[in-house]
Structure formats: C-alpha cells, structure tokens
Amino acid sequence: MDQEKPFTAQGLARAGDAAGLEALIARATRAGKGAPPVERWNPPFCGDLDMEIRADGTWFYLGTPIGRQALVRLFSTVLRKDEDGRTYLVTPVEKVGIRVEDAPFLAVEMAVTGTGDAQVLTFRTNVGDVVEAGPEHPLRFVPEAATGGLKPYLHVRGRLEALLARTVMYDLVEAGEEVEIEGRAMFAVRSRGTLFPIMPADELHRLSG
C-alpha cells in the first residue's frame with residue numbers, strides 16, 4: 001500500500017511548503033498510529049530546514065507563521081533534541097535541523113490535585129502534551145539576568161522541555177510552600193512526592209515586597 005512506502009523522492013529539507021512537509025511527515029510516521037518512536041530512530045542528517053520555534057511558542061516555516069495548530073502538533077511529534085544540543089525533525093529515514101529560540105514547547109495551563117505529599121501538578125503544553133511534574137518530568141528554574149527573576153522549565157520528553165507561560169508561573173507560585181532544605185528556608189513546589197526548590201524564601205519575600 002502507498003502509505004507503507006518510505007518517502008525518498010523528496011526529503012524534508014526540500015519540501016516546498018508547509019503542506020508538502022506535512023505530507024512527508026505524515027507518511028513517514030503513520031500519523032494517528034500513536035506517538036512516533038523518534039528516540040529509537042537513527043537516520044542520517046540531511047541538512048537544516050528553514051523552521052524556527054520562537055520563545056512565545058509560535059512556529060515559523062520559510063519565514064511565515066504556521067497558523068494551523070494541527071500542523072504544529074504533527075511537527076511537534078517528530079521533534080528531538082540530541083546530545084549536541086540541537087533540535088531536529090526526525091523521521092525513520094532522515095533528520096533535519098531547526099532553530100529553537102528558547103524551549104520548543106510552552107506550558108499554557110496547570111492543574112493542581114491532591115495536597116501535601118499527594119499533590120500532583122499537571123501541565124498542558126501548546127502542542128497538546130499533558131505532563132505530570134515529578135521524578136520523570138522534573139521542573140527546573142533558571143536565573144534570568146535581564147529581569148532578576150527565574151525562567152521555569154518542565155521536562156516533557158526526551159531532552160525536550162516546555163517553558164512555563166507567565167500566567168502558569170503565577171499559578172505555580174500559588175501552589176508553592178516554604179520548606180527547610182539543608183538548613184535554609186526555601187520556597188518550593190511539590191508534585192508526585194518530589195520537592196522542587198524555586199528560590200530562597202527571603203529572596204522571594206524581597207521580590208514580593
């Protein structure tokens with residue numbers, strides 16, 4: 001059957017537009033058959049693609065924003081960040097590089113269930129991933145020199161992370177608590193039994209003052 005044949009006549013790096021790229025990826029990954037196992041694929045590198053993911057989560061192809069959310073979600077299923085620190089679109093037969101301004105995903109919603117050690121923080125990304133923070137999906141907080149604040153990230157899959165949107169960060173702070181860690185008062189959040197320190201409590205009080 002046609003959908004079973006690998007595509008070789010036209011590669012990702014030579015797709016003329018977003019529709020052509022969509023067709024290639026859909027055929028290669030058999031869209032709708034579950035998440036593609038991109039971590040197990042080892043195709044050759046076939047060059048860079050003129051695709052960029054901006055810090056606000058907007059995807060651009062050939063300098064134009066990709067307006068179709070379903071198309072963005074399809075592309076997101078074949079994203080992979082390798083040990084070299086670069087992010088790629090990966091299919092069983094080829095790998096192409098793309099540019100990522102910050103994180104490839106944006107966490108746009110958070111829900112809190114349970115309390116205490118049973119508390120779970122569940123996040124939804126702009127491409128439809130639903131992730132529970134915990135040992136397998138840690139939160140990390142990176143100092144931002146320009147603002148003096150912190151940029152929060154959530155591990156999604158592989159080496160890919162989601163930057164928490166500002167409104168989600170506010171929700172995260174609401175779910176936080178002061179705890180003592182190694183003799184110092186820290187502001188932290190917990191999820192699935194794991195404690196994630198955000199910053200020293202006195203620093204939070206200074207910023208809030």
# chains A, B, ... in the order shown; residues from 1 in each chain; ligands from 1

$ residues_around --residues "A:Phe45" --least-positions-apart "5" --cutoff "12 Å" --atoms "only C-alpha atoms" --output "ChimeraX atom specification"
/A:11-13,82,86-98

$ write_last_selection --atoms "all heavy atoms" --output "compact mmCIF listing (two decimals), in the first residue's frame"
# COMPACT_ATOMS: atom_id res chain seq x y z
N GLY A 11 12.82 14.93 0.15
CA GLY A 11 13.13 14.91 1.56
C GLY A 11 12.56 16.12 2.29
O GLY A 11 12.08 17.06 1.68
N LEU A 12 12.67 16.09 3.62
CA LEU A 12 12.15 17.19 4.43
C LEU A 12 12.81 18.52 4.07
O LEU A 12 12.14 19.54 3.97
CB LEU A 12 12.39 16.89 5.91
CG LEU A 12 11.68 15.66 6.51
CD1 LEU A 12 12.06 15.52 7.97
CD2 LEU A 12 10.17 15.78 6.36
N ALA A 13 14.11 18.49 3.89
CA ALA A 13 14.82 19.74 3.61
C ALA A 13 14.48 20.32 2.24
O ALA A 13 14.78 21.48 1.96
CB ALA A 13 16.33 19.50 3.70
N ASP A 82 19.12 16.36 20.44
CA ASP A 82 20.20 15.39 20.56
C ASP A 82 21.29 15.86 21.52
O ASP A 82 21.24 16.98 22.04
CB ASP A 82 20.79 15.07 19.19
CG ASP A 82 19.86 14.20 18.34
OD1 ASP A 82 18.80 13.79 18.86
OD2 ASP A 82 20.19 13.94 17.18
N ARG A 86 21.34 20.48 19.69
CA ARG A 86 20.48 20.98 18.62
C ARG A 86 19.16 20.20 18.58
O ARG A 86 19.07 19.06 19.05
CB ARG A 86 21.18 20.86 17.26
CG ARG A 86 22.43 21.73 17.12
CD ARG A 86 22.81 21.84 15.67
NE ARG A 86 21.74 22.47 14.89
CZ ARG A 86 21.65 22.42 13.56
NH1 ARG A 86 22.54 21.73 12.86
NH2 ARG A 86 20.66 23.01 12.93
N THR A 87 18.15 20.85 18.00
CA THR A 87 16.83 20.24 17.88
C THR A 87 16.56 19.91 16.42
O THR A 87 16.89 20.69 15.52
CB THR A 87 15.75 21.20 18.41
OG1 THR A 87 16.05 21.54 19.77
CG2 THR A 87 14.37 20.53 18.38
N TYR A 88 15.95 18.74 16.19
CA TYR A 88 15.74 18.23 14.84
C TYR A 88 14.31 17.76 14.65
O TYR A 88 13.63 17.37 15.61
CB TYR A 88 16.68 17.04 14.57
CG TYR A 88 18.14 17.34 14.71
CD1 TYR A 88 18.78 17.18 15.93
CD2 TYR A 88 18.89 17.78 13.63
CE1 TYR A 88 20.14 17.46 16.07
CE2 TYR A 88 20.25 18.06 13.75
CZ TYR A 88 20.87 17.88 14.98
OH TYR A 88 22.21 18.15 15.10
N LEU A 89 13.86 17.77 13.39
CA LEU A 89 12.72 16.99 12.98
C LEU A 89 13.29 15.65 12.50
O LEU A 89 14.20 15.62 11.69
CB LEU A 89 11.95 17.65 11.84
CG LEU A 89 11.21 18.96 12.13
CD1 LEU A 89 10.50 19.43 10.86
CD2 LEU A 89 10.24 18.82 13.27
N VAL A 90 12.72 14.55 13.01
CA VAL A 90 13.30 13.23 12.75
C VAL A 90 12.23 12.29 12.22
O VAL A 90 11.12 12.20 12.77
CB VAL A 90 13.92 12.63 14.03
CG1 VAL A 90 14.59 11.29 13.73
CG2 VAL A 90 14.93 13.59 14.63
N THR A 91 12.55 11.60 11.14
CA THR A 91 11.71 10.54 10.60
C THR A 91 12.57 9.29 10.52
O THR A 91 13.78 9.34 10.78
CB THR A 91 11.16 10.89 9.20
OG1 THR A 91 12.21 10.77 8.24
CG2 THR A 91 10.57 12.30 9.17
N PRO A 92 12.01 8.14 10.15
CA PRO A 92 12.85 6.94 10.06
C PRO A 92 13.98 7.04 9.06
O PRO A 92 14.97 6.31 9.17
CB PRO A 92 11.84 5.86 9.64
CG PRO A 92 10.53 6.35 10.14
CD PRO A 92 10.58 7.84 9.95
N VAL A 93 13.88 7.95 8.07
CA VAL A 93 14.90 7.96 7.01
C VAL A 93 15.73 9.23 6.95
O VAL A 93 16.71 9.27 6.21
CB VAL A 93 14.24 7.71 5.63
CG1 VAL A 93 13.61 6.34 5.58
CG2 VAL A 93 13.21 8.79 5.32
N GLU A 94 15.38 10.28 7.68
CA GLU A 94 16.21 11.48 7.65
C GLU A 94 15.99 12.35 8.87
O GLU A 94 14.99 12.24 9.59
CB GLU A 94 15.99 12.29 6.37
CG GLU A 94 14.60 12.85 6.21
CD GLU A 94 14.46 13.63 4.90
OE1 GLU A 94 15.39 14.39 4.55
OE2 GLU A 94 13.43 13.48 4.24
N LYS A 95 16.97 13.22 9.10
CA LYS A 95 16.97 14.14 10.24
C LYS A 95 17.38 15.51 9.73
O LYS A 95 18.39 15.64 9.05
CB LYS A 95 17.95 13.64 11.30
CG LYS A 95 18.10 14.54 12.50
CD LYS A 95 18.98 13.89 13.58
CE LYS A 95 20.45 14.00 13.25
NZ LYS A 95 21.31 13.57 14.39
N VAL A 96 16.56 16.55 10.04
CA VAL A 96 16.87 17.91 9.61
C VAL A 96 16.87 18.84 10.82
O VAL A 96 16.06 18.70 11.72
CB VAL A 96 15.89 18.41 8.53
CG1 VAL A 96 16.01 17.60 7.25
CG2 VAL A 96 14.45 18.38 9.05
N GLY A 97 17.80 19.79 10.81
CA GLY A 97 17.92 20.71 11.92
C GLY A 97 16.95 21.87 11.81
O GLY A 97 16.64 22.35 10.72
N ILE A 98 16.45 22.33 12.96
CA ILE A 98 15.61 23.53 13.02
C ILE A 98 16.15 24.44 14.12
O ILE A 98 16.98 24.03 14.93
CB ILE A 98 14.12 23.20 13.27
CG1 ILE A 98 13.92 22.67 14.70
CG2 ILE A 98 13.59 22.20 12.24
CD1 ILE A 98 12.46 22.60 15.11

$ residues_around --residues "A:Trp59" --least-positions-apart "6" --cutoff "10 Å" --atoms "only C-alpha atoms" --output "list in words"
Met51, Glu52, Ile53, Pro65, Ile66, Gly67, Arg68, Gln69, Leu71, Val72, Phe75, Ser76, Arg99, Val100 and Pro104 of chain A

$ residues_around --residues "A:Asn126" --least-positions-apart "4" --cutoff "7 Å" --atoms "only C-alpha atoms" --output "MDAnalysis selection string"
chainID A and resid 105:108

$ atom_distance --atom1 "atom CA of A:Lys151" --atom2 "atom CA of A:Leu164"
7.7 Å

$ select_by_dssp --residues "chain A" --states "helix (DSSP H, G or I)" --output "count of residues only"
49

$ select_by_dssp --residues "stretch 6-183 of chain A" --states "strand (DSSP E)" --output "ChimeraX atom specification"
/A:45-53,59-61,64-65,79-81,87-90,95-100,105-113,120-125,130-132,139-144,149-157,160-164,177-181

$ write_last_selection --atoms "C-alpha atoms" --output "short mmCIF file (atom, residue, chain, number, x, y, z; two decimals), in the first residue's frame"
data_model
loop_
_atom_site.label_atom_id
_atom_site.label_comp_id
_atom_site.auth_asym_id
_atom_site.auth_seq_id
_atom_site.Cartn_x
_atom_site.Cartn_y
_atom_site.Cartn_z
CA PHE A 45 21.49 14.18 8.91
CA CYS A 46 20.15 15.80 5.74
CA GLY A 47 20.76 19.49 6.36
CA ASP A 48 18.91 22.34 8.02
CA LEU A 49 15.31 23.36 7.49
CA ASP A 50 14.15 26.99 7.49
CA MET A 51 11.94 26.40 10.51
CA GLU A 52 12.06 28.23 13.83
CA ILE A 53 10.21 27.96 17.13
CA TRP A 59 6.33 28.13 14.81
CA PHE A 60 7.67 29.69 11.59
CA TYR A 61 8.37 27.92 8.31
CA THR A 64 5.89 32.61 7.78
CA PRO A 65 3.99 31.71 10.97
CA LEU A 79 10.93 16.77 17.38
CA ARG A 80 14.08 15.51 19.06
CA LYS A 81 16.91 17.25 20.86
CA THR A 87 16.83 20.24 17.88
CA TYR A 88 15.74 18.23 14.84
CA LEU A 89 12.72 16.99 12.98
CA VAL A 90 13.30 13.23 12.75
CA LYS A 95 16.97 14.14 10.24
CA VAL A 96 16.87 17.91 9.61
CA GLY A 97 17.92 20.71 11.92
CA ILE A 98 15.61 23.53 13.02
CA ARG A 99 16.12 26.63 15.16
CA VAL A 100 14.64 26.96 18.66
CA PHE A 105 7.17 23.90 23.91
CA LEU A 106 5.18 26.31 26.07
CA ALA A 107 3.24 25.15 29.14
CA VAL A 108 -0.02 27.08 28.91
CA GLU A 109 -2.15 25.55 31.67
CA MET A 110 -1.65 23.93 35.08
CA ALA A 111 -3.99 21.98 37.34
CA VAL A 112 -3.40 21.08 40.99
CA THR A 113 -4.85 17.91 42.52
CA VAL A 120 0.18 16.49 41.67
CA LEU A 121 0.84 19.37 39.28
CA THR A 122 -0.39 18.60 35.76
CA PHE A 123 0.57 20.80 32.84
CA ARG A 124 -0.78 21.15 29.31
CA THR A 125 1.50 22.39 26.56
CA VAL A 130 -0.29 16.60 29.18
CA VAL A 131 2.53 16.10 31.68
CA GLU A 132 2.57 15.47 35.43
CA LEU A 139 10.77 21.22 36.99
CA ARG A 140 13.85 23.43 36.88
CA PHE A 141 14.32 27.15 37.40
CA VAL A 142 16.97 29.20 35.60
CA PRO A 143 18.03 32.70 36.74
CA GLU A 144 17.23 35.37 34.16
CA GLY A 149 13.75 36.64 38.03
CA LEU A 150 13.56 32.98 37.12
CA LYS A 151 12.59 31.12 33.98
CA PRO A 152 10.74 27.89 34.83
CA TYR A 153 11.00 24.79 32.62
CA LEU A 154 9.24 21.43 32.65
CA HIS A 155 10.71 18.27 31.16
CA VAL A 156 8.29 16.88 28.56
CA ARG A 157 10.03 14.02 26.75
CA LEU A 160 12.67 18.46 25.21
CA GLU A 161 11.29 20.96 27.70
CA ALA A 162 8.42 23.41 27.97
CA LEU A 163 8.87 26.96 29.19
CA LEU A 164 6.07 27.83 31.61
CA GLU A 177 5.24 26.49 50.13
CA GLU A 178 8.15 27.36 52.37
CA VAL A 179 10.24 24.39 53.46
CA GLU A 180 13.63 23.92 55.07
CA ILE A 181 16.24 22.36 52.80
#

$ atom_distance --atom1 "atom CA of A:Met169" --atom2 "atom CA of A:Val78"
27.2 Å

$ closest_residue --among "A:Asp171, A:Asp129, A:Asp56, A:Asp117" --to "A:Ala35" --atoms "only C-alpha atoms"
A:Asp129

$ atom_distance --atom1 "atom CA of A:Phe196" --atom2 "atom CA of A:Ala145"
21.0 Å

$ closest_residue --among "A:Met186, A:Pro197, A:Thr77, A:Val168" --to "A:Pro138" --atoms "only C-alpha atoms"
A:Pro197

$ decode --residues "stretch 161-174 of chain A" --atoms "N, CA, C and O atoms" --output "PDB file, in the first residue's frame"
ATOM      1  N   GLU A 161      11.921  20.309  26.561  1.00  0.00           N
ATOM      2  CA  GLU A 161      11.293  20.958  27.701  1.00  0.00           C
ATOM      3  C   GLU A 161      10.236  21.952  27.240  1.00  0.00           C
ATOM      4  O   GLU A 161      10.210  22.368  26.086  1.00  0.00           O
ATOM      5  N   ALA A 162       9.397  22.343  28.189  1.00  0.00           N
ATOM      6  CA  ALA A 162       8.420  23.413  27.966  1.00  0.00           C
ATOM      7  C   ALA A 162       8.746  24.561  28.906  1.00  0.00           C
ATOM      8  O   ALA A 162       8.998  24.348  30.097  1.00  0.00           O
ATOM      9  N   LEU A 163       8.772  25.763  28.369  1.00  0.00           N
ATOM     10  CA  LEU A 163       8.868  26.955  29.189  1.00  0.00           C
ATOM     11  C   LEU A 163       7.474  27.248  29.737  1.00  0.00           C
ATOM     12  O   LEU A 163       6.487  27.214  29.000  1.00  0.00           O
ATOM     13  N   LEU A 164       7.371  27.523  31.034  1.00  0.00           N
ATOM     14  CA  LEU A 164       6.068  27.834  31.613  1.00  0.00           C
ATOM     15  C   LEU A 164       5.677  29.263  31.245  1.00  0.00           C
ATOM     16  O   LEU A 164       6.466  30.202  31.438  1.00  0.00           O
ATOM     17  N   ALA A 165       4.484  29.430  30.704  1.00  0.00           N
ATOM     18  CA  ALA A 165       3.967  30.762  30.407  1.00  0.00           C
ATOM     19  C   ALA A 165       3.858  31.557  31.705  1.00  0.00           C
ATOM     20  O   ALA A 165       3.748  30.998  32.797  1.00  0.00           O
ATOM     21  N   ARG A 166       3.890  32.869  31.584  1.00  0.00           N
ATOM     22  CA  ARG A 166       3.888  33.721  32.770  1.00  0.00           C
ATOM     23  C   ARG A 166       2.684  33.454  33.671  1.00  0.00           C
ATOM     24  O   ARG A 166       2.807  33.362  34.898  1.00  0.00           O
ATOM     25  N   THR A 167       1.509  33.298  33.066  1.00  0.00           N
ATOM     26  CA  THR A 167       0.311  33.035  33.872  1.00  0.00           C
ATOM     27  C   THR A 167       0.419  31.692  34.602  1.00  0.00           C
ATOM     28  O   THR A 167      -0.062  31.551  35.731  1.00  0.00           O
ATOM     29  N   VAL A 168       1.071  30.717  33.967  1.00  0.00           N
ATOM     30  CA  VAL A 168       1.245  29.409  34.613  1.00  0.00           C
ATOM     31  C   VAL A 168       2.239  29.529  35.763  1.00  0.00           C
ATOM     32  O   VAL A 168       2.080  28.878  36.807  1.00  0.00           O
ATOM     33  N   MET A 169       3.264  30.338  35.606  1.00  0.00           N
ATOM     34  CA  MET A 169       4.207  30.563  36.695  1.00  0.00           C
ATOM     35  C   MET A 169       3.501  31.156  37.901  1.00  0.00           C
ATOM     36  O   MET A 169       3.783  30.782  39.049  1.00  0.00           O
ATOM     37  N   TYR A 170       2.572  32.067  37.672  1.00  0.00           N
ATOM     38  CA  TYR A 170       1.795  32.624  38.787  1.00  0.00           C
ATOM     39  C   TYR A 170       1.013  31.521  39.501  1.00  0.00           C
ATOM     40  O   TYR A 170       0.951  31.477  40.738  1.00  0.00           O
ATOM     41  N   ASP A 171       0.404  30.634  38.729  1.00  0.00           N
ATOM     42  CA  ASP A 171      -0.330  29.512  39.326  1.00  0.00           C
ATOM     43  C   ASP A 171       0.613  28.611  40.115  1.00  0.00           C
ATOM     44  O   ASP A 171       0.247  28.083  41.180  1.00  0.00           O
ATOM     45  N   LEU A 172       1.817  28.414  39.593  1.00  0.00           N
ATOM     46  CA  LEU A 172       2.800  27.576  40.271  1.00  0.00           C
ATOM     47  C   LEU A 172       3.178  28.178  41.619  1.00  0.00           C
ATOM     48  O   LEU A 172       3.275  27.453  42.627  1.00  0.00           O
ATOM     49  N   VAL A 173       3.378  29.475  41.659  1.00  0.00           N
ATOM     50  CA  VAL A 173       3.721  30.156  42.911  1.00  0.00           C
ATOM     51  C   VAL A 173       2.595  29.990  43.927  1.00  0.00           C
ATOM     52  O   VAL A 173       2.836  29.787  45.128  1.00  0.00           O
ATOM     53  N   GLU A 174       1.344  30.050  43.462  1.00  0.00           N
ATOM     54  CA  GLU A 174       0.198  29.861  44.358  1.00  0.00           C
ATOM     55  C   GLU A 174       0.219  28.473  44.998  1.00  0.00           C
ATOM     56  O   GLU A 174      -0.272  28.286  46.116  1.00  0.00           O
TER      57      GLU A 174
END
